[in-house]
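What's in upload_11.cif: mmCIF, C-alpha atoms
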data_run
loop_
_atom_site.label_atom_id
_atom_site.label_comp_id
_atom_site.auth_asym_id
_atom_site.auth_seq_id
_atom_site.Cartn_x
_atom_site.Cartn_y
_atom_site.Cartn_z
CA MET A 30 89.02 89.81 -17.57
CA ALA A 31 87.57 89.22 -14.10
CA ILE A 32 84.12 90.40 -15.26
CA PHE A 33 84.23 88.01 -18.25
CA ARG A 34 85.20 85.11 -16.01
CA ALA A 35 82.35 85.90 -13.63
CA LYS A 36 79.88 85.89 -16.54
CA ILE A 37 81.18 82.48 -17.68
CA ILE A 38 80.71 81.03 -14.18
CA THR A 39 77.18 82.44 -13.94
CA PHE A 40 76.31 80.99 -17.35
CA LEU A 41 77.63 77.54 -16.44
CA ILE A 42 75.66 77.54 -13.23
CA SER A 43 72.47 78.51 -15.07
CA LEU A 44 73.08 75.90 -17.73
CA SER A 45 73.66 73.25 -15.13
CA ILE A 46 70.37 74.09 -13.42
CA HIS A 47 68.52 74.08 -16.74
CA LEU A 48 69.90 70.73 -17.91
CA PHE A 49 69.70 68.76 -14.71
CA CYS A 50 66.95 70.61 -12.74
CA VAL A 51 68.80 69.47 -9.69
CA ILE A 52 67.80 70.87 -6.35
CA GLN A 53 70.34 70.45 -3.64
CA ALA A 54 68.55 69.86 -0.35
CA ARG A 55 68.66 67.41 2.52
CA GLY A 56 66.39 64.77 0.85
CA SER A 57 63.18 66.65 1.54
CA CYS A 58 60.42 67.51 -0.96
CA ARG A 59 59.18 70.23 1.37
CA GLU A 60 62.55 71.93 1.67
CA ALA A 61 63.09 71.60 -2.07
CA ASN A 62 59.54 72.87 -2.68
CA LEU A 63 58.94 70.08 -5.18
CA CYS A 64 55.77 68.13 -6.01
CA CYS A 65 55.33 66.92 -9.58
CA PRO A 66 52.47 64.98 -11.23
CA GLY A 67 53.08 61.83 -13.24
CA ARG A 68 56.66 60.84 -13.96
CA ASP A 69 59.20 63.65 -14.03
CA SER A 70 62.89 62.78 -13.79
CA SER A 71 63.75 66.41 -13.21
CA CYS A 72 61.71 66.45 -10.00
CA VAL A 73 64.67 65.20 -7.99
CA VAL A 74 66.28 66.12 -4.74
CA GLN A 75 70.07 65.67 -4.87
CA LYS A 76 71.39 65.00 -1.39
CA THR A 77 75.03 65.60 -2.33
CA PRO A 78 76.70 67.72 -5.01
CA ILE A 79 76.24 66.13 -8.42
CA ASN A 80 79.96 65.80 -9.07
CA LYS A 81 80.77 64.28 -5.70
CA ILE A 82 81.90 60.66 -5.68
CA SER A 83 80.17 58.82 -2.86
CA GLU A 84 79.55 55.16 -2.05
CA ASP A 85 77.01 55.86 0.68
CA LEU A 86 73.59 54.56 -0.42
CA ASP A 87 71.89 57.21 1.67
CA ASP A 88 73.39 59.83 -0.61
CA LYS A 89 71.42 58.65 -3.63
CA PRO A 90 68.94 61.19 -4.99
CA CYS A 91 65.24 60.90 -4.14
CA TYR A 92 62.27 62.01 -6.18
CA CYS A 93 59.12 64.03 -5.62
CA ASP A 94 57.01 62.91 -8.59
CA HIS A 95 54.08 60.48 -8.42
CA ALA A 96 56.05 57.77 -10.22
CA CYS A 97 58.41 57.49 -7.28
CA MET A 98 55.82 55.45 -5.36
CA LYS A 99 55.93 52.77 -8.01
CA LEU A 100 59.71 52.97 -8.40
CA ARG A 101 60.18 53.19 -4.62
CA ASP A 102 62.62 56.09 -4.71
CA CYS A 103 60.50 58.81 -3.08
CA CYS A 104 61.89 61.26 -0.60
CA HIS A 105 60.90 60.44 2.94
CA ASP A 106 58.32 63.24 3.19
CA PHE A 107 56.85 62.95 -0.31
CA LYS A 108 53.33 61.81 0.69
CA GLU A 109 53.03 64.27 3.50
CA SER A 110 54.45 67.19 1.58
CA CYS A 111 52.48 66.52 -1.62
CA ARG A 112 49.30 65.51 0.25
CA VAL A 113 49.20 62.11 -1.35
CA THR A 114 46.38 59.90 -0.07
CA ASP A 115 46.21 56.19 -0.83
CA CYS A 116 42.92 54.42 -1.32
CA GLU A 117 41.52 52.84 1.82
CA VAL A 118 38.93 50.05 1.84
CA THR A 119 36.96 48.30 4.56
CA GLU A 120 37.24 44.64 5.49
CA TRP A 121 35.44 42.11 3.32
CA LYS A 122 31.78 41.52 4.13
CA PRO A 123 30.65 37.89 4.58
CA TRP A 124 30.03 35.79 1.50
CA SER A 125 26.47 35.88 0.21
CA LYS A 126 24.31 32.78 -0.06
CA CYS A 127 24.50 30.71 -3.22
CA ASP A 128 22.30 32.36 -5.85
CA VAL A 129 20.69 29.05 -6.85
CA ASP A 130 18.90 26.47 -4.73
CA CYS A 131 20.07 23.50 -6.75
CA GLY A 132 23.18 22.95 -8.89
CA PRO A 133 26.13 25.21 -9.72
CA GLY A 134 25.81 28.88 -8.86
CA MET A 135 27.73 31.91 -7.66
CA MET A 136 28.50 33.58 -4.33
CA THR A 137 29.71 37.17 -3.96
CA ARG A 138 31.23 39.37 -1.31
CA GLU A 139 32.15 43.04 -1.33
CA ARG A 140 33.90 45.76 0.59
CA LEU A 141 33.46 49.50 0.59
CA VAL A 142 35.85 52.30 -0.33
CA ARG A 143 36.57 54.29 2.80
CA GLN A 144 38.91 56.83 1.17
CA GLU A 145 39.34 57.60 -2.53
CA PRO A 146 42.95 58.05 -3.76
CA ARG A 147 44.17 61.62 -4.20
CA ASN A 148 47.17 63.26 -5.83
CA GLY A 149 48.48 60.06 -7.34
CA GLY A 150 47.90 57.81 -4.34
CA LYS A 151 47.55 54.04 -4.67
CA ARG A 152 44.52 52.94 -6.62
CA CYS A 153 41.71 51.04 -4.97
CA PRO A 154 41.92 47.24 -5.07
CA GLU A 155 38.96 45.13 -6.21
CA VAL A 156 35.86 45.66 -4.12
CA VAL A 157 33.80 42.70 -5.41
CA GLN A 158 34.81 39.05 -5.46
CA LYS A 159 32.94 36.03 -6.78
CA ARG A 160 33.37 32.31 -6.35
CA GLY A 161 31.49 29.22 -7.42
CA CYS A 162 29.07 27.34 -5.19
CA LEU A 163 26.74 24.36 -5.36
CA GLY A 164 23.12 24.64 -4.24
CA ASN A 165 22.09 21.64 -2.13
CA LYS A 166 18.34 22.27 -1.82
CA CYS A 167 17.53 20.15 -4.83
CA GLU A 168 14.65 18.28 -3.21
CA ALA A 169 12.63 21.44 -2.54
CA TYR A 170 13.59 22.79 -5.98
CA ASN A 171 12.47 19.59 -7.70
CA GLN A 172 9.19 19.58 -5.79
CA GLN A 173 8.48 23.12 -6.92
CA ASP A 174 9.51 22.30 -10.47
CA ASN A 175 7.23 19.26 -10.47
CA ALA A 176 4.36 21.37 -9.14
CA ARG A 177 4.91 23.83 -11.99
CA ARG A 178 4.52 21.00 -14.52
CA GLU A 179 1.30 19.62 -13.04
CA THR A 180 -2.09 20.14 -14.62
CA ALA A 181 -5.08 20.76 -12.35
CA LEU A 182 -8.09 18.62 -13.32
CA LEU A 183 -11.31 20.38 -12.36
CA LEU A 184 -14.90 19.56 -11.59
CA THR A 185 -17.50 22.22 -11.05
CA GLY A 186 -18.28 23.21 -7.48
CA ARG A 187 -21.69 21.49 -7.51
CA PHE A 188 -19.89 18.18 -7.11
CA ALA A 189 -18.33 19.20 -3.83
CA SER A 190 -21.21 18.03 -1.64
CA MET A 191 -21.40 14.69 -3.48
CA ARG A 192 -17.83 13.86 -2.51
CA THR A 193 -18.50 14.14 1.23
CA MET A 194 -19.74 10.89 2.71
CA ASN A 195 -21.87 10.60 5.82
CA GLU A 196 -19.40 9.83 8.60
CA THR A 197 -21.93 7.54 10.35
CA ASN A 198 -21.96 5.25 7.31
CA ASP A 199 -18.25 5.55 6.49
CA ILE A 200 -16.73 2.14 7.27
CA ARG A 201 -13.24 3.67 6.89
CA LYS A 202 -13.76 5.28 10.28
CA ASN A 203 -13.78 1.83 11.92
CA LEU A 204 -10.56 0.82 10.17
CA ARG A 205 -8.62 3.38 12.21
CA ILE A 206 -8.76 0.96 15.13
CA ARG A 207 -6.77 -1.58 13.13
CA TYR A 208 -4.50 0.68 11.08
CA PRO A 209 -2.41 3.47 12.64
CA LYS A 210 -3.07 7.08 11.74
CA ASP A 211 -0.82 8.87 9.32
CA PRO A 212 0.34 11.97 11.24
CA VAL A 213 0.84 13.95 8.03
CA LYS A 214 -2.66 13.14 6.86
CA GLU A 215 -4.17 13.85 10.27
CA ASN A 216 -2.51 17.28 10.34
CA SER A 217 -3.57 18.12 6.78
CA ARG A 218 -6.59 20.32 6.29
CA GLU A 219 -8.81 20.99 3.32
CA TYR A 220 -8.04 24.31 1.75
CA CYS A 221 -9.13 26.64 -1.03
CA VAL A 222 -6.84 28.15 -3.69
CA VAL A 223 -7.57 31.39 -5.52
CA PHE A 224 -6.40 31.56 -9.15
CA GLU A 225 -6.46 34.25 -11.80
CA VAL A 226 -7.10 32.84 -15.27
CA THR A 227 -4.50 34.07 -17.78
CA LYS A 228 -5.40 31.90 -20.78
CA SER A 229 -8.53 29.99 -21.78
CA LYS A 230 -9.67 28.13 -24.88
CA HIS A 231 -12.49 29.82 -26.76
CA LYS A 232 -14.63 26.68 -26.55
CA CYS A 233 -14.87 27.12 -22.77
CA ASN A 234 -17.29 29.99 -23.41
CA LEU A 235 -19.70 27.61 -25.16
CA LEU A 236 -20.10 25.20 -22.25
CA GLY A 237 -22.69 27.08 -20.20
CA ASP A 238 -22.73 28.72 -16.80
CA ASP A 239 -20.60 26.06 -15.08
CA PHE A 240 -17.55 27.18 -17.07
CA LYS A 241 -18.22 30.88 -17.53
CA LEU A 242 -15.64 31.78 -14.88
CA LEU A 243 -12.84 30.03 -16.77
CA ARG A 244 -12.16 33.11 -18.86
CA LYS A 245 -9.10 35.30 -19.07
CA GLY A 246 -8.96 37.85 -16.24
CA GLU A 247 -11.46 36.06 -13.98
CA ARG A 248 -10.62 34.94 -10.44
CA VAL A 249 -11.87 31.54 -9.29
CA CYS A 250 -11.85 29.60 -6.03
CA VAL A 251 -10.86 25.94 -6.24
CA ALA A 252 -11.28 23.67 -3.19
CA CYS A 253 -8.80 20.94 -2.31
CA GLU A 254 -10.90 18.36 -0.49
CA GLY A 255 -9.57 15.44 1.48
CA ALA A 256 -10.64 12.93 -1.16
CA ALA A 257 -8.44 14.66 -3.77
CA MET A 258 -5.32 14.97 -1.60
CA ARG A 259 -2.38 12.82 -2.65
CA LYS A 260 -0.11 11.12 -0.14
CA HIS A 261 2.97 11.27 -2.42
CA LEU A 262 2.46 15.05 -2.61
CA ASN A 263 2.35 15.40 1.19
CA TYR A 264 -1.43 15.46 1.11
CA ARG A 265 -2.04 18.29 -1.28
CA CYS A 266 -4.04 18.32 -4.47
CA THR A 267 -2.47 17.79 -7.88
CA GLY A 268 -2.06 21.05 -9.75
CA HIS A 269 -2.61 23.42 -6.82
CA GLY A 270 -0.01 25.72 -8.39
CA ILE A 271 2.88 27.90 -7.26
CA GLU A 272 2.53 31.42 -5.97
CA SER A 273 2.81 33.99 -8.80
CA ARG A 274 3.74 31.30 -11.35
CA SER A 275 1.75 30.20 -14.37
CA THR A 276 0.45 26.59 -14.37
CA ARG A 277 -2.06 24.58 -16.39
CA TRP A 278 -5.69 23.61 -15.76
CA ALA A 279 -8.21 21.45 -17.61
CA ALA A 280 -11.93 20.83 -17.14
CA LEU A 281 -12.54 17.13 -16.60
CA GLU A 282 -16.11 17.37 -17.91
CA ALA A 283 -14.96 18.94 -21.19
CA SER A 284 -11.53 17.88 -22.39
CA HIS A 285 -11.31 20.65 -24.99
CA CYS A 286 -11.67 23.31 -22.28
CA HIS A 287 -8.26 24.06 -20.78
CA GLY A 288 -5.83 26.92 -20.24
CA ARG A 289 -3.42 28.53 -17.79
CA TRP A 290 -3.75 30.46 -14.53
CA VAL A 291 -1.66 32.00 -11.76
CA ARG A 292 -2.06 31.19 -8.10
CA VAL A 293 -2.67 34.36 -6.09
CA GLY A 294 -3.32 32.90 -2.63
CA ASP A 295 -4.76 30.09 -0.52
CA HIS A 296 -7.32 30.12 2.29
CA GLY A 297 -9.02 27.78 4.67
CA ARG A 298 -12.40 28.94 3.39
CA CYS A 299 -13.09 29.99 -0.20
CA PRO A 300 -13.43 33.80 -0.28
CA CYS A 301 -15.12 34.06 -3.69
CA HIS A 302 -18.63 33.69 -2.27
CA THR A 303 -20.15 34.74 1.04
CA ASP A 304 -21.21 31.19 1.85
CA GLY A 305 -17.66 29.88 1.31
CA ARG A 306 -18.58 27.52 -1.51
CA PRO A 307 -15.95 26.88 -4.22
CA ASP A 308 -16.34 27.53 -7.93
CA TYR A 309 -14.47 24.32 -8.76
CA ILE A 310 -12.83 21.41 -6.98
CA PHE A 311 -9.60 19.54 -7.69
CA VAL A 312 -9.94 15.94 -8.85
#

Encoded form (structure tokens):
Amino acid sequence: MAIFRAKIITFLISLSIHLFCVIQARGSCREANLCCPGRDSSCVVQKTPINKISEDLDDKPCYCDHACMKLRDCCHDFKESCRVTDCEVTEWKPWSKCDVDCGPGMMTRERLVRQEPRNGGKRCPEVVQKRGCLGNKCEAYNQQDNARRETALLLTGRFASMRTMNETNDIRKNLRIRYPKDPVKENSREYCVVFEVTKSKHKCNLLGDDFKLLRKGERVCVACEGAAMRKHLNYRCTGHGIESRSTRWAALEASHCHGRWVRVGDHGRCPCHTDGRPDYIFV
């Protein structure tokens, strides 16, 4: 009879362990040797016997599964015992500049991940943020946009010398005594722009040697002389182009000869010929 009773007690103890998977320890995952992935209600540390009636909140069971971090019922040594590492990020970097010069745009900022999460640790927060902005450099943007829409009117380079008057006979020189100098004009200098022709009408090839350079793939030097500079353009020539952007040109002597080119640089002296003479001049 005593042996039978002992077997019953052993069976009940085993059944209790199997059904409840309860580990009686002092609220420690390390002492209970527990560390469970995901959510596992059986991965629990019971601080007091399961049948004991207690009103002490400290006697509530604690858990050693990864879900306990979200439910906030982990044992005190869960992270340390289970080697849980939360994600760590750096401080935010400064906001970037607005991605447009004029009008509505976007600014961004970012931070780096210093430590990736491990063993169910907290996930990384967002590392990139964006916010709207408004570009306020509309004047410079509009000037560039206007320059892109301009068409360069050309004369062949042989007219360059004809547009330079003899200073001794130039009565405008004497007018400087009466009218003040324009500092912008006085500081402006004649310059030469190098273009690469990207498109040309076929009829340009029929106009003789003066227009033979206005063919696709050719590079030409165009001089901006003082007589062609425009005050409303801050004393530059109409159609002098934008760096690496396609703009239009047209031959003034032959209206059906026109096309497009890309500005590749500007110089004080035209580099296309050893004597510095231009192929064409702006009108």

Around (4.5, 34.3, -4.7) in the file's own coordinates, what residues are found within 9 Å if you use all atoms listed in the file, given back as a ChimeraX atom specification?
-> /A:271-274,292-294

With only C-alpha atoms counted, which protein, DNA or RNA residues have an atom no more than 6 Å from (56.1, 66.1, -5.0) in the file frame? Please answer as a PyMOL selection string.
-> chain A and resi 63-65+93-94+107+111

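Rounded to one decimal, atom CA of Phe240 of chain A and atom CA of His287 of chain A lie 10.5 Å from each other.
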
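Shortest separation to His302 of chain A among A:Ala176, A:Leu281, A:Cys221, A:Leu184 occurs at residue A:Cys221, atoms counted being all atoms listed in the file.
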
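Restricting the calculation to all atoms listed in the file, the smallest distance between Ser71 of chain A and any of A:Pro90, A:Pro300, A:Gly56, A:Gly132 is found for A:Pro90.
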
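The closest residue to Thr267 of chain A, picked from A:Asp102, A:Glu179, A:Glu225, A:Asp304 and counting all atoms listed in the file, is A:Glu179.
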
Record the distance separating atom CA of Leu100 of chain A and atom CA of Ser70 of chain A, expressed in Å with one decimal.
-> 11.6 Å

Find the residues around Val222 of chain A up to 10 Å (all atoms listed in the file counted), leave out those fewer than 5 positions away in its own chain, and share them as JSON, numbers by chain.
-> {"A": [249, 250, 251, 252, 253, 269, 270, 292, 293, 294, 295, 296, 297, 298, 299, 300, 307, 309, 310, 311]}

Could you jot down the atom CA of Glu120 of chain A to atom CA of Cys97 of chain A separation for me, Å, one decimal place?
->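 Those two atoms sit 27.9 Å apart.
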
Could you tell me which of A:Arg152, A:Lys232, A:Arg112, A:Arg259 comes closest to Pro66 of chain A if we count only C-alpha atoms?
->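 Closest to Pro66 of chain A, using only C-alpha atoms: A:Arg112.
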
Asn234 of chain A proximity check over A:Ser217, A:Ala283, A:Arg265, A:Met258, using all atoms listed in the file: winner is A:Ala283

Identify which of the residues A:His231, A:Arg68, A:His261, A:Arg160 lies closest to Gly288 of chain A, counting all atoms listed in the file when measuring atom-to-atom distances.
->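 Among the listed residues, A:His231 lies closest to Gly288 of chain A.
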
Evaluate the PyMOL selection byres ((chain A and resi 228) around 12) here and jot the selected residues down as an NGL selection string.
-> :A and (224-227 or 229-231 or 233 or 242-248 or 275-279 or 286-291)

Create the file for the chosen residues now, containing C-alpha atoms and written as a PDB file, keeping the file's coordinate frame.
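After the write, selection_16.pdb holds the following:
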ATOM      1  CA  PHE A 224      -6.400  31.560  -9.150  1.00  0.00           C
ATOM      2  CA  GLU A 225      -6.460  34.250 -11.800  1.00  0.00           C
ATOM      3  CA  VAL A 226      -7.100  32.840 -15.270  1.00  0.00           C
ATOM      4  CA  THR A 227      -4.500  34.070 -17.780  1.00  0.00           C
ATOM      5  CA  SER A 229      -8.530  29.990 -21.780  1.00  0.00           C
ATOM      6  CA  LYS A 230      -9.670  28.130 -24.880  1.00  0.00           C
ATOM      7  CA  HIS A 231     -12.490  29.820 -26.760  1.00  0.00           C
ATOM      8  CA  CYS A 233     -14.870  27.120 -22.770  1.00  0.00           C
ATOM      9  CA  LEU A 242     -15.640  31.780 -14.880  1.00  0.00           C
ATOM     10  CA  LEU A 243     -12.840  30.030 -16.770  1.00  0.00           C
ATOM     11  CA  ARG A 244     -12.160  33.110 -18.860  1.00  0.00           C
ATOM     12  CA  LYS A 245      -9.100  35.300 -19.070  1.00  0.00           C
ATOM     13  CA  GLY A 246      -8.960  37.850 -16.240  1.00  0.00           C
ATOM     14  CA  GLU A 247     -11.460  36.060 -13.980  1.00  0.00           C
ATOM     15  CA  ARG A 248     -10.620  34.940 -10.440  1.00  0.00           C
ATOM     16  CA  SER A 275       1.750  30.200 -14.370  1.00  0.00           C
ATOM     17  CA  THR A 276       0.450  26.590 -14.370  1.00  0.00           C
ATOM     18  CA  ARG A 277      -2.060  24.580 -16.390  1.00  0.00           C
ATOM     19  CA  TRP A 278      -5.690  23.610 -15.760  1.00  0.00           C
ATOM     20  CA  ALA A 279      -8.210  21.450 -17.610  1.00  0.00           C
ATOM     21  CA  CYS A 286     -11.670  23.310 -22.280  1.00  0.00           C
ATOM     22  CA  HIS A 287      -8.260  24.060 -20.780  1.00  0.00           C
ATOM     23  CA  GLY A 288      -5.830  26.920 -20.240  1.00  0.00           C
ATOM     24  CA  ARG A 289      -3.420  28.530 -17.790  1.00  0.00           C
ATOM     25  CA  TRP A 290      -3.750  30.460 -14.530  1.00  0.00           C
ATOM     26  CA  VAL A 291      -1.660  32.000 -11.760  1.00  0.00           C
TER      27      VAL A 291
END
